[in-house]
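Novice: Quick one: the structure is below, and I'll ask about it shortly.
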Amino acid sequence: MTQGVGTLTAEQALNSFDDMTVDLEPIQLSEYQARIKKAQAIMQANGIDAMYVNAGTNLTYFTGLQWYASERLVGAIVPAQGDVTLIAPAFEVGSLTQAMVVPLNTLLWDEHESPYDHLVQFLQTQGLTEGKLALDESCSYSIIANLEERYPAAKMVDAKVITATCRMQKSEAELALIQRAMDMTLAVHRATGAMLHEGISASEVRAFIDEAHRRVGASGSFFCIVLFGQGTSYPHGVNYEQHLQKNDWVLIDTGCKLHGYHSDITRTYAFGNATDEQKIFWQYEQQLQLAAFNAAANGRACEEVDDAVRDELANIGLKDNYQLPGVPHRTGHGIGMDLHEWPYLVGGDKTLLAPGMCFSNEPMVIQPDKFGVRLEDHFYMSEQGPVWFTEPSRSLENPFNLDD
């Protein structure tokens, strides 16, 4: 039997929570300023005169300003030297100013005007049209097309060399936020396992998980996948309602955000008794997760971690080429302010592992049309090597590592 599953009511489980966020602060002004300086140093080293970052994660990462991308252009112009300028609709300036963390100069446009004319004219007045303009990789084609009409396309480059280089290696403050977010979601997982009962629907479980994340201090679940039985063989879910039955296989993948940083944890276990085949595949998954972790070392390429999983698949007699039965997707993804971000633990990613990088470790093994097993924990690279954010499941019988 699975330890810690089906032992509490939903109310009892929810009442066990405390706010886990009260002693943590968001990223401070000094860190945002340091990020801008690092970006400018990378720009200077690559002969880039200015970078445009669009509303969204990159704008927040460099300036602390949280704003949504829409048809109205909102973004920041970061020169290789000097102060950052915000371009935005004039009527939003009050709200934007209130939301600022880093003080920004403003370049405003009215509703009847083209923001792209303003942007290019500003670059010209700053002497920034003779070299390269790096564009945020999240820019829509509409933004690029409008700039191409006004600015030589040959001078535009992908800003990924700046944004990814800055964001891939997390600071101590970022690692602390990710750690706490992971701790919160692991607590939610444990409580969720405890409140499962025969007949409960997947949507009821998702609602519980959302409320549980609120109880521990998040704004709710950022995402939530709840699968039972044969549905667990589909990595990202099914489009029909499921109800938990005795001896069902359970897969729950969920996470939250804390001050802009993500958690993301998956647990797979039996609600009752597992079949012999499920027990074997659960053990395979544990072996694959450990193989990935052991392969991670500073200076090795990301793809080598995925290679280690493929080698282990071959050793246990499963398909090792992203086919089934086996592991059809990458071993892991980077995580931080985006749920999935660079770099990736997958074949072809030659990024060298370095301190501060953070990854999921989730080589989901699937027995097609029967079930899947995903154990997902995350690790970060320290100076000495990989360190788990959360301890992986010790056994199928004790997936939440509860004390005996």
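Identifiers in the structure tokens: chain A, B, ... in order shown; residue index from 1 per chain; ligand index from 1 in order shown.
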Could you list, as JSON, numbers by chain, every residue within 7 Å of range 59-67 of chain A, counting only C-alpha atoms and ignoring same-chain residues fewer than 6 positions away?
Specialist: {"A": [32, 35, 36, 53, 75, 76, 99, 100, 101, 102]}
Novice: From a DSSP pass on the backbone, collect the residues of range 1-222 of chain A flagged as strand (DSSP E) and hand them back as a compact mmCIF listing (two decimals) with all heavy atoms, in the first residue's frame.
Specialist:
# COMPACT_ATOMS: atom_id res chain seq x y z
N ILE A 48 26.81 45.03 -29.82
CA ILE A 48 25.39 45.36 -29.89
C ILE A 48 25.18 46.73 -29.25
O ILE A 48 25.60 46.97 -28.11
CB ILE A 48 24.55 44.30 -29.17
CG1 ILE A 48 24.69 42.95 -29.91
CG2 ILE A 48 23.08 44.72 -29.08
CD1 ILE A 48 24.08 41.78 -29.17
N ASP A 49 24.52 47.62 -29.99
CA ASP A 49 24.37 49.00 -29.52
C ASP A 49 23.18 49.19 -28.60
O ASP A 49 23.21 50.05 -27.71
CB ASP A 49 24.24 49.95 -30.72
CG ASP A 49 25.52 50.01 -31.53
OD1 ASP A 49 25.75 49.09 -32.34
OD2 ASP A 49 26.31 50.94 -31.32
N ALA A 50 22.12 48.43 -28.82
CA ALA A 50 20.92 48.57 -28.00
C ALA A 50 20.13 47.27 -28.03
O ALA A 50 20.23 46.48 -28.98
CB ALA A 50 20.05 49.73 -28.48
N MET A 51 19.34 47.07 -26.99
CA MET A 51 18.47 45.90 -26.91
C MET A 51 17.06 46.37 -26.61
O MET A 51 16.85 47.21 -25.73
CB MET A 51 18.95 44.93 -25.83
CG MET A 51 17.99 43.77 -25.56
SD MET A 51 18.60 42.56 -24.35
CE MET A 51 18.68 43.54 -22.84
N TYR A 52 16.09 45.81 -27.33
CA TYR A 52 14.69 46.06 -27.01
C TYR A 52 14.13 44.83 -26.31
O TYR A 52 14.20 43.72 -26.85
CB TYR A 52 13.87 46.36 -28.27
CG TYR A 52 12.38 46.40 -27.97
CD1 TYR A 52 11.83 47.52 -27.36
CD2 TYR A 52 11.56 45.32 -28.25
CE1 TYR A 52 10.48 47.55 -27.03
CE2 TYR A 52 10.21 45.34 -27.93
CZ TYR A 52 9.68 46.46 -27.32
OH TYR A 52 8.34 46.49 -26.98
N VAL A 53 13.58 45.01 -25.10
CA VAL A 53 12.92 43.91 -24.39
C VAL A 53 11.43 44.23 -24.30
O VAL A 53 11.04 45.31 -23.87
CB VAL A 53 13.52 43.66 -22.99
CG1 VAL A 53 14.89 43.04 -23.10
CG2 VAL A 53 13.59 44.92 -22.16
N ASN A 54 10.64 43.28 -24.73
CA ASN A 54 9.20 43.49 -24.79
C ASN A 54 8.55 43.21 -23.44
O ASN A 54 9.13 42.54 -22.58
CB ASN A 54 8.59 42.56 -25.85
CG ASN A 54 7.24 43.03 -26.33
OD1 ASN A 54 7.04 44.23 -26.54
ND2 ASN A 54 6.31 42.12 -26.54
N GLY A 75 7.64 48.27 -23.81
CA GLY A 75 8.91 47.59 -23.67
C GLY A 75 9.98 48.56 -23.21
O GLY A 75 9.71 49.73 -22.91
N ALA A 76 11.20 48.07 -23.14
CA ALA A 76 12.32 48.89 -22.68
C ALA A 76 13.45 48.85 -23.68
O ALA A 76 13.73 47.81 -24.29
CB ALA A 76 12.81 48.42 -21.31
N ILE A 77 14.12 49.99 -23.85
CA ILE A 77 15.30 50.10 -24.70
C ILE A 77 16.50 50.18 -23.76
O ILE A 77 16.63 51.13 -22.97
CB ILE A 77 15.24 51.34 -25.59
CG1 ILE A 77 13.95 51.32 -26.43
CG2 ILE A 77 16.45 51.43 -26.49
CD1 ILE A 77 13.37 52.67 -26.68
N VAL A 78 17.34 49.15 -23.86
CA VAL A 78 18.54 49.09 -23.03
C VAL A 78 19.73 49.41 -23.91
O VAL A 78 20.09 48.62 -24.80
CB VAL A 78 18.71 47.70 -22.39
CG1 VAL A 78 19.92 47.68 -21.47
CG2 VAL A 78 17.45 47.28 -21.65
N PRO A 79 20.38 50.56 -23.73
CA PRO A 79 21.56 50.87 -24.53
C PRO A 79 22.79 50.15 -23.98
O PRO A 79 22.80 49.70 -22.82
CB PRO A 79 21.70 52.38 -24.36
CG PRO A 79 21.16 52.64 -22.98
CD PRO A 79 20.05 51.63 -22.78
N THR A 85 15.29 53.14 -21.09
CA THR A 85 14.11 53.96 -21.41
C THR A 85 12.92 53.05 -21.69
O THR A 85 13.02 52.08 -22.45
CB THR A 85 14.38 54.83 -22.65
OG1 THR A 85 15.44 55.75 -22.34
CG2 THR A 85 13.14 55.61 -23.05
N LEU A 86 11.80 53.38 -21.08
CA LEU A 86 10.56 52.65 -21.29
C LEU A 86 9.77 53.30 -22.40
O LEU A 86 9.56 54.52 -22.39
CB LEU A 86 9.73 52.65 -20.01
CG LEU A 86 8.36 51.95 -20.07
CD1 LEU A 86 8.54 50.44 -20.12
CD2 LEU A 86 7.50 52.34 -18.87
N ILE A 87 9.32 52.51 -23.39
CA ILE A 87 8.41 53.01 -24.41
C ILE A 87 7.04 52.44 -24.10
O ILE A 87 6.89 51.23 -23.87
CB ILE A 87 8.87 52.65 -25.83
CG1 ILE A 87 7.87 53.21 -26.85
CG2 ILE A 87 9.10 51.16 -26.02
CD1 ILE A 87 8.35 53.16 -28.28
N ALA A 88 6.01 53.32 -24.07
CA ALA A 88 4.69 52.89 -23.62
C ALA A 88 3.62 53.88 -24.06
O ALA A 88 3.92 55.04 -24.39
CB ALA A 88 4.68 52.77 -22.09
N PRO A 89 2.34 53.46 -24.07
CA PRO A 89 1.25 54.38 -24.36
C PRO A 89 1.19 55.48 -23.30
O PRO A 89 1.32 55.20 -22.09
CB PRO A 89 0.00 53.49 -24.30
CG PRO A 89 0.50 52.10 -24.45
CD PRO A 89 1.86 52.09 -23.84
N ASN A 105 13.54 56.12 -17.68
CA ASN A 105 13.12 57.22 -18.54
C ASN A 105 11.92 56.74 -19.35
O ASN A 105 11.73 55.52 -19.55
CB ASN A 105 14.25 57.64 -19.48
CG ASN A 105 15.47 58.14 -18.72
OD1 ASN A 105 15.35 58.73 -17.66
ND2 ASN A 105 16.66 57.90 -19.27
N THR A 106 11.11 57.67 -19.84
CA THR A 106 9.92 57.26 -20.59
C THR A 106 9.89 57.88 -21.98
O THR A 106 10.23 59.05 -22.17
CB THR A 106 8.63 57.64 -19.85
OG1 THR A 106 8.64 59.04 -19.54
CG2 THR A 106 8.48 56.84 -18.57
N LEU A 107 9.47 57.08 -22.93
CA LEU A 107 9.24 57.49 -24.31
C LEU A 107 7.78 57.14 -24.59
O LEU A 107 7.43 55.96 -24.70
CB LEU A 107 10.17 56.74 -25.25
CG LEU A 107 9.98 56.94 -26.75
CD1 LEU A 107 10.23 58.39 -27.14
CD2 LEU A 107 10.90 56.00 -27.53
N LEU A 108 6.92 58.16 -24.68
CA LEU A 108 5.48 57.94 -24.71
C LEU A 108 4.89 58.20 -26.10
O LEU A 108 5.35 59.09 -26.82
CB LEU A 108 4.78 58.84 -23.68
CG LEU A 108 5.29 58.69 -22.23
CD1 LEU A 108 4.57 59.67 -21.31
CD2 LEU A 108 5.12 57.26 -21.73
N TRP A 109 3.89 57.42 -26.44
CA TRP A 109 3.19 57.61 -27.70
C TRP A 109 1.68 57.62 -27.45
O TRP A 109 1.17 56.94 -26.55
CB TRP A 109 3.57 56.53 -28.70
CG TRP A 109 3.38 55.10 -28.22
CD1 TRP A 109 4.25 54.34 -27.50
CD2 TRP A 109 2.23 54.27 -28.44
NE1 TRP A 109 3.74 53.10 -27.23
CE2 TRP A 109 2.50 53.02 -27.81
CE3 TRP A 109 1.02 54.43 -29.11
CZ2 TRP A 109 1.59 51.96 -27.83
CZ3 TRP A 109 0.11 53.39 -29.14
CH2 TRP A 109 0.40 52.17 -28.50
N LYS A 132 24.09 47.38 -34.20
CA LYS A 132 23.12 46.29 -34.08
C LYS A 132 22.06 46.60 -33.03
O LYS A 132 22.36 47.10 -31.94
CB LYS A 132 23.84 45.00 -33.69
CG LYS A 132 24.82 44.48 -34.73
CD LYS A 132 25.50 43.22 -34.21
CE LYS A 132 26.54 42.70 -35.19
NZ LYS A 132 27.25 41.51 -34.64
N LEU A 133 20.82 46.25 -33.36
CA LEU A 133 19.71 46.31 -32.41
C LEU A 133 19.29 44.88 -32.10
O LEU A 133 18.89 44.13 -32.99
CB LEU A 133 18.52 47.08 -33.00
CG LEU A 133 17.22 47.05 -32.19
CD1 LEU A 133 17.41 47.74 -30.84
CD2 LEU A 133 16.08 47.70 -32.97
N ALA A 134 19.40 44.49 -30.84
CA ALA A 134 19.00 43.15 -30.43
C ALA A 134 17.53 43.17 -30.01
O ALA A 134 17.12 44.06 -29.25
CB ALA A 134 19.87 42.67 -29.26
N LEU A 135 16.77 42.21 -30.53
CA LEU A 135 15.34 42.14 -30.24
C LEU A 135 15.04 40.94 -29.35
O LEU A 135 15.48 39.82 -29.61
CB LEU A 135 14.54 42.02 -31.54
CG LEU A 135 14.63 43.20 -32.51
CD1 LEU A 135 13.78 42.93 -33.74
CD2 LEU A 135 14.18 44.50 -31.83
N MET A 156 19.43 43.94 -37.23
CA MET A 156 18.69 43.35 -36.12
C MET A 156 19.24 41.97 -35.81
O MET A 156 19.49 41.17 -36.71
CB MET A 156 17.20 43.25 -36.47
CG MET A 156 16.53 44.59 -36.63
SD MET A 156 14.76 44.38 -36.94
CE MET A 156 14.36 46.05 -37.50
N VAL A 157 19.40 41.67 -34.52
CA VAL A 157 19.90 40.37 -34.10
C VAL A 157 19.04 39.85 -32.95
O VAL A 157 18.29 40.60 -32.32
CB VAL A 157 21.38 40.46 -33.64
CG1 VAL A 157 22.28 40.87 -34.80
CG2 VAL A 157 21.53 41.44 -32.48
N ASP A 158 19.16 38.57 -32.71
CA ASP A 158 18.42 37.93 -31.62
C ASP A 158 19.05 38.32 -30.28
O ASP A 158 20.26 38.16 -30.08
CB ASP A 158 18.47 36.42 -31.82
CG ASP A 158 17.51 35.66 -30.91
OD1 ASP A 158 17.05 36.22 -29.91
OD2 ASP A 158 17.24 34.48 -31.21
Novice: Which residue, A:Met43, A:Val373, A:Cys166, A:Ile144, has the smallest gap to Lys279 in chain A when you use only C-alpha atoms?
Specialist: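 Among the listed residues, A:Val373 lies closest to Lys279 in chain A.
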Novice: I need the helix (DSSP H, G or I) residues of range 195-367 of chain A per DSSP on the backbone, written as JSON, numbers by chain.
Specialist: {"A": [195, 202, 203, 204, 205, 206, 207, 208, 209, 210, 211, 212, 213, 214, 215, 229, 230, 231, 232, 233, 276, 277, 278, 279, 280, 281, 282, 283, 284, 285, 286, 287, 288, 289, 290, 291, 292, 293, 294, 295, 302, 303, 304, 305, 306, 307, 308, 309, 310, 311, 312, 313, 314, 315, 316]}
Novice: With distances taken over only C-alpha atoms, which of A:Ile252, A:Ala41, A:Ile143, A:Ile200 is nearest to Phe223 in chain A?
Specialist: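 That would be A:Ile252, the residue with the smallest distance to Phe223 in chain A.
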Novice: Any idea what's packed within 12 Å of Thr185 in chain A, counting only C-alpha atoms, ignoring anything in its chain fewer than 4 positions away? Could you give it as an mmCIF file with N, CA, C and O atoms, in the first residue's frame?
Specialist:
data_model
loop_
_atom_site.group_PDB
_atom_site.id
_atom_site.type_symbol
_atom_site.label_atom_id
_atom_site.label_comp_id
_atom_site.auth_asym_id
_atom_site.auth_seq_id
_atom_site.Cartn_x
_atom_site.Cartn_y
_atom_site.Cartn_z
ATOM 1 N N PHE A 17 -2.150 23.559 6.752
ATOM 2 C CA PHE A 17 -1.185 24.452 6.117
ATOM 3 C C PHE A 17 -0.987 25.747 6.894
ATOM 4 O O PHE A 17 -1.900 26.269 7.527
ATOM 5 N N MET A 20 3.836 29.863 3.991
ATOM 6 C CA MET A 20 5.258 29.550 3.962
ATOM 7 C C MET A 20 6.087 30.679 3.344
ATOM 8 O O MET A 20 7.278 30.497 3.076
ATOM 9 N N ILE A 178 13.192 30.017 -5.615
ATOM 10 C CA ILE A 178 12.826 28.749 -6.250
ATOM 11 C C ILE A 178 12.746 27.649 -5.199
ATOM 12 O O ILE A 178 11.817 26.826 -5.209
ATOM 13 N N GLN A 179 13.712 27.616 -4.279
ATOM 14 C CA GLN A 179 13.690 26.601 -3.227
ATOM 15 C C GLN A 179 12.406 26.654 -2.424
ATOM 16 O O GLN A 179 11.757 25.625 -2.176
ATOM 17 N N ARG A 180 11.996 27.847 -2.018
ATOM 18 C CA ARG A 180 10.782 27.957 -1.210
ATOM 19 C C ARG A 180 9.543 27.580 -2.022
ATOM 20 O O ARG A 180 8.641 26.914 -1.504
ATOM 21 N N ALA A 181 9.496 27.987 -3.271
ATOM 22 C CA ALA A 181 8.362 27.607 -4.109
ATOM 23 C C ALA A 181 8.271 26.087 -4.236
ATOM 24 O O ALA A 181 7.173 25.508 -4.182
ATOM 25 N N HIS A 189 1.671 18.540 -2.538
ATOM 26 C CA HIS A 189 1.627 17.161 -3.035
ATOM 27 C C HIS A 189 1.310 16.188 -1.911
ATOM 28 O O HIS A 189 0.472 15.273 -2.069
ATOM 29 N N ARG A 190 1.989 16.352 -0.795
ATOM 30 C CA ARG A 190 1.771 15.435 0.321
ATOM 31 C C ARG A 190 0.333 15.496 0.816
ATOM 32 O O ARG A 190 -0.298 14.459 1.073
ATOM 33 N N ALA A 191 -0.188 16.703 0.929
ATOM 34 C CA ALA A 191 -1.568 16.867 1.385
ATOM 35 C C ALA A 191 -2.554 16.310 0.368
ATOM 36 O O ALA A 191 -3.586 15.737 0.740
ATOM 37 N N THR A 192 -2.250 16.484 -0.909
ATOM 38 C CA THR A 192 -3.142 15.978 -1.953
ATOM 39 C C THR A 192 -3.228 14.464 -1.905
ATOM 40 O O THR A 192 -4.323 13.881 -1.987
ATOM 41 N N ILE A 209 -5.848 21.373 -5.045
ATOM 42 C CA ILE A 209 -4.454 21.780 -5.188
ATOM 43 C C ILE A 209 -4.342 23.294 -5.334
ATOM 44 O O ILE A 209 -3.433 23.924 -4.771
ATOM 45 N N ASP A 210 -5.268 23.901 -6.067
ATOM 46 C CA ASP A 210 -5.264 25.354 -6.213
ATOM 47 C C ASP A 210 -5.458 26.029 -4.852
ATOM 48 O O ASP A 210 -4.723 26.952 -4.495
ATOM 49 N N GLU A 211 -6.426 25.551 -4.077
ATOM 50 C CA GLU A 211 -6.671 26.138 -2.754
ATOM 51 C C GLU A 211 -5.498 25.856 -1.818
ATOM 52 O O GLU A 211 -5.110 26.730 -1.015
ATOM 53 N N ALA A 212 -4.908 24.668 -1.917
ATOM 54 C CA ALA A 212 -3.765 24.344 -1.065
ATOM 55 C C ALA A 212 -2.591 25.270 -1.350
ATOM 56 O O ALA A 212 -1.904 25.736 -0.424
ATOM 57 N N HIS A 213 -2.348 25.561 -2.623
ATOM 58 C CA HIS A 213 -1.281 26.513 -2.952
ATOM 59 C C HIS A 213 -1.572 27.892 -2.357
ATOM 60 O O HIS A 213 -0.652 28.604 -1.917
ATOM 61 N N ARG A 214 -2.835 28.282 -2.332
ATOM 62 C CA ARG A 214 -3.187 29.561 -1.708
ATOM 63 C C ARG A 214 -2.908 29.529 -0.204
ATOM 64 O O ARG A 214 -2.434 30.513 0.375
ATOM 65 N N ARG A 215 -3.201 28.411 0.434
ATOM 66 C CA ARG A 215 -2.991 28.301 1.886
ATOM 67 C C ARG A 215 -1.514 28.414 2.260
ATOM 68 O O ARG A 215 -1.187 28.912 3.347
ATOM 69 N N VAL A 216 -0.623 27.949 1.369
ATOM 70 C CA VAL A 216 0.812 28.036 1.694
ATOM 71 C C VAL A 216 1.420 29.364 1.261
ATOM 72 O O VAL A 216 2.608 29.605 1.477
ATOM 73 N N GLY A 217 0.620 30.242 0.625
ATOM 74 C CA GLY A 217 1.092 31.596 0.348
ATOM 75 C C GLY A 217 1.215 31.983 -1.106
ATOM 76 O O GLY A 217 1.600 33.118 -1.413
ATOM 77 N N ALA A 218 0.900 31.078 -2.037
ATOM 78 C CA ALA A 218 0.927 31.417 -3.460
ATOM 79 C C ALA A 218 -0.417 32.018 -3.861
ATOM 80 O O ALA A 218 -1.364 32.071 -3.067
ATOM 81 N N GLY A 220 -2.314 30.662 -5.953
ATOM 82 C CA GLY A 220 -2.990 29.506 -6.513
ATOM 83 C C GLY A 220 -2.007 28.686 -7.311
ATOM 84 O O GLY A 220 -0.797 28.948 -7.325
ATOM 85 N N SER A 221 -2.497 27.674 -7.981
ATOM 86 C CA SER A 221 -1.636 26.854 -8.837
ATOM 87 C C SER A 221 -1.349 27.606 -10.122
ATOM 88 O O SER A 221 -2.255 28.177 -10.726
ATOM 89 N N PHE A 222 -0.095 27.587 -10.566
ATOM 90 C CA PHE A 222 0.217 28.146 -11.879
ATOM 91 C C PHE A 222 -0.252 27.194 -12.966
ATOM 92 O O PHE A 222 -0.678 27.620 -14.045
ATOM 93 N N PHE A 223 -0.187 25.897 -12.690
ATOM 94 C CA PHE A 223 -0.702 24.878 -13.596
ATOM 95 C C PHE A 223 -0.961 23.636 -12.770
ATOM 96 O O PHE A 223 -0.459 23.493 -11.647
ATOM 97 N N CYS A 224 -1.741 22.707 -13.308
ATOM 98 C CA CYS A 224 -2.015 21.476 -12.568
ATOM 99 C C CYS A 224 -2.510 20.402 -13.528
ATOM 100 O O CYS A 224 -3.483 20.601 -14.254
ATOM 101 N N ILE A 252 0.297 13.263 -10.694
ATOM 102 C CA ILE A 252 -0.048 14.660 -10.432
ATOM 103 C C ILE A 252 1.186 15.528 -10.653
ATOM 104 O O ILE A 252 2.242 15.295 -10.060
ATOM 105 N N ASP A 253 1.039 16.518 -11.523
ATOM 106 C CA ASP A 253 2.116 17.445 -11.896
ATOM 107 C C ASP A 253 1.592 18.854 -11.664
ATOM 108 O O ASP A 253 0.608 19.270 -12.286
ATOM 109 N N THR A 254 2.224 19.602 -10.773
ATOM 110 C CA THR A 254 1.713 20.933 -10.464
ATOM 111 C C THR A 254 2.831 21.848 -9.980
ATOM 112 O O THR A 254 3.944 21.411 -9.684
ATOM 113 N N GLY A 255 2.518 23.136 -9.922
ATOM 114 C CA GLY A 255 3.482 24.127 -9.446
ATOM 115 C C GLY A 255 2.811 25.455 -9.201
ATOM 116 O O GLY A 255 1.640 25.670 -9.547
ATOM 117 N N CYS A 256 3.564 26.364 -8.615
ATOM 118 C CA CYS A 256 3.070 27.702 -8.307
ATOM 119 C C CYS A 256 4.168 28.710 -8.625
ATOM 120 O O CYS A 256 5.236 28.348 -9.122
ATOM 121 N N LYS A 257 3.885 29.974 -8.343
ATOM 122 C CA LYS A 257 4.901 31.023 -8.482
ATOM 123 C C LYS A 257 5.051 31.759 -7.158
ATOM 124 O O LYS A 257 4.060 32.005 -6.464
ATOM 125 N N LEU A 258 6.282 32.111 -6.842
ATOM 126 C CA LEU A 258 6.579 32.901 -5.645
ATOM 127 C C LEU A 258 7.469 34.064 -6.053
ATOM 128 O O LEU A 258 8.597 33.848 -6.511
ATOM 129 N N HIS A 262 9.157 29.988 -10.317
ATOM 130 C CA HIS A 262 8.303 28.814 -10.429
ATOM 131 C C HIS A 262 8.748 27.631 -9.584
ATOM 132 O O HIS A 262 9.933 27.430 -9.326
ATOM 133 N N SER A 263 7.750 26.820 -9.230
ATOM 134 C CA SER A 263 7.977 25.440 -8.792
ATOM 135 C C SER A 263 7.316 24.527 -9.803
ATOM 136 O O SER A 263 6.458 24.950 -10.584
ATOM 137 N N ASP A 264 7.686 23.246 -9.774
ATOM 138 C CA ASP A 264 7.169 22.293 -10.758
ATOM 139 C C ASP A 264 7.582 20.904 -10.297
ATOM 140 O O ASP A 264 8.746 20.528 -10.430
ATOM 141 N N ILE A 265 6.644 20.137 -9.734
ATOM 142 C CA ILE A 265 6.963 18.827 -9.167
ATOM 143 C C ILE A 265 5.910 17.819 -9.618
ATOM 144 O O ILE A 265 4.719 18.124 -9.634
ATOM 145 N N THR A 266 6.352 16.615 -9.944
ATOM 146 C CA THR A 266 5.438 15.540 -10.307
ATOM 147 C C THR A 266 5.677 14.327 -9.413
ATOM 148 O O THR A 266 6.824 13.982 -9.120
ATOM 149 N N ARG A 267 4.577 13.710 -9.007
ATOM 150 C CA ARG A 267 4.648 12.450 -8.279
ATOM 151 C C ARG A 267 3.715 11.439 -8.949
ATOM 152 O O ARG A 267 2.627 11.791 -9.397
ATOM 153 N N GLU A 376 9.261 13.992 -11.050
ATOM 154 C CA GLU A 376 9.916 15.252 -11.436
ATOM 155 C C GLU A 376 10.350 16.023 -10.200
ATOM 156 O O GLU A 376 9.534 16.451 -9.390
ATOM 157 N N ASP A 377 11.644 16.138 -10.076
ATOM 158 C CA ASP A 377 12.252 17.020 -9.092
ATOM 159 C C ASP A 377 13.205 17.926 -9.847
ATOM 160 O O ASP A 377 13.514 17.701 -11.014
ATOM 161 N N PHE A 389 16.721 20.446 -5.266
ATOM 162 C CA PHE A 389 15.824 21.349 -4.538
ATOM 163 C C PHE A 389 14.911 20.539 -3.618
ATOM 164 O O PHE A 389 14.622 20.959 -2.504
ATOM 165 N N THR A 390 14.425 19.410 -4.119
ATOM 166 C CA THR A 390 13.579 18.521 -3.323
ATOM 167 C C THR A 390 14.095 17.098 -3.449
ATOM 168 O O THR A 390 14.563 16.684 -4.510
ATOM 169 N N PHE A 400 6.208 10.225 -0.870
ATOM 170 C CA PHE A 400 6.379 11.560 -0.295
ATOM 171 C C PHE A 400 7.443 11.594 0.783
ATOM 172 O O PHE A 400 7.586 12.589 1.503
#
Novice: Would you mind telling me which residue in A:Gln40, A:Thr57, A:Gln283, A:Gln323 lies nearest to Pro399 in chain A when using only C-alpha atoms?
Specialist: A:Gln283
Novice: Quick one: residues within 10 Å of Glu362 in chain A, only C-alpha atoms counted, chain neighbours fewer than 4 positions away excluded, as a VMD selection string?
Specialist: chain A and resid 265 to 266 285 to 286 288 to 289 292 327 329 to 333 345 373 to 378
Novice: Selection from above, N, CA and C atoms, as a tab-separated table (two decimals), in the first residue's frame, can you write it?
Specialist:
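Result file is part-v4.tsv:
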chain	number	residue	atom	x	y	z
A	265	ILE	N	6.64	20.14	-9.73
A	265	ILE	CA	6.96	18.83	-9.17
A	265	ILE	C	5.91	17.82	-9.62
A	266	THR	N	6.35	16.62	-9.94
A	266	THR	CA	5.44	15.54	-10.31
A	266	THR	C	5.68	14.33	-9.41
A	285	GLU	N	11.90	4.42	-13.71
A	285	GLU	CA	11.88	5.89	-13.65
A	285	GLU	C	12.85	6.40	-12.60
A	286	GLN	N	12.88	5.75	-11.45
A	286	GLN	CA	13.81	6.15	-10.39
A	286	GLN	C	15.26	6.02	-10.87
A	288	LEU	N	16.31	6.16	-14.00
A	288	LEU	CA	16.56	7.16	-15.04
A	288	LEU	C	16.79	8.53	-14.43
A	289	GLN	N	16.00	8.87	-13.43
A	289	GLN	CA	16.16	10.16	-12.77
A	289	GLN	C	17.54	10.25	-12.10
A	292	ALA	N	20.36	10.72	-14.71
A	292	ALA	CA	20.47	12.11	-15.16
A	292	ALA	C	21.20	12.95	-14.13
A	327	VAL	N	11.28	6.88	-23.13
A	327	VAL	CA	11.13	8.28	-22.73
A	327	VAL	C	11.03	9.12	-24.00
A	329	HIS	N	10.31	12.29	-24.56
A	329	HIS	CA	10.64	13.71	-24.56
A	329	HIS	C	11.94	13.95	-23.80
A	330	ARG	N	12.35	15.20	-23.78
A	330	ARG	CA	13.64	15.55	-23.16
A	330	ARG	C	13.66	15.17	-21.67
A	331	THR	N	14.86	15.06	-21.15
A	331	THR	CA	15.04	14.74	-19.74
A	331	THR	C	14.62	15.89	-18.84
A	332	GLY	N	14.87	17.13	-19.27
A	332	GLY	CA	14.52	18.25	-18.40
A	332	GLY	C	14.61	19.59	-19.09
A	333	HIS	N	14.10	20.60	-18.40
A	333	HIS	CA	14.10	21.97	-18.89
A	333	HIS	C	14.66	22.89	-17.82
A	345	LEU	N	17.86	19.99	-21.07
A	345	LEU	CA	18.56	18.70	-21.01
A	345	LEU	C	17.98	17.81	-22.11
A	373	VAL	N	4.97	6.90	-15.99
A	373	VAL	CA	5.56	7.22	-14.69
A	373	VAL	C	6.42	8.46	-14.87
A	374	ARG	N	6.06	9.53	-14.19
A	374	ARG	CA	6.91	10.72	-14.17
A	374	ARG	C	7.20	11.08	-12.73
A	375	LEU	N	8.46	11.08	-12.38
A	375	LEU	CA	8.95	11.61	-11.11
A	375	LEU	C	9.75	12.85	-11.47
A	376	GLU	N	9.26	13.99	-11.05
A	376	GLU	CA	9.92	15.25	-11.44
A	376	GLU	C	10.35	16.02	-10.20
A	377	ASP	N	11.64	16.14	-10.08
A	377	ASP	CA	12.25	17.02	-9.09
A	377	ASP	C	13.21	17.93	-9.85
A	378	HIS	N	13.69	18.96	-9.18
A	378	HIS	CA	14.61	19.90	-9.82
A	378	HIS	C	15.92	19.95	-9.05
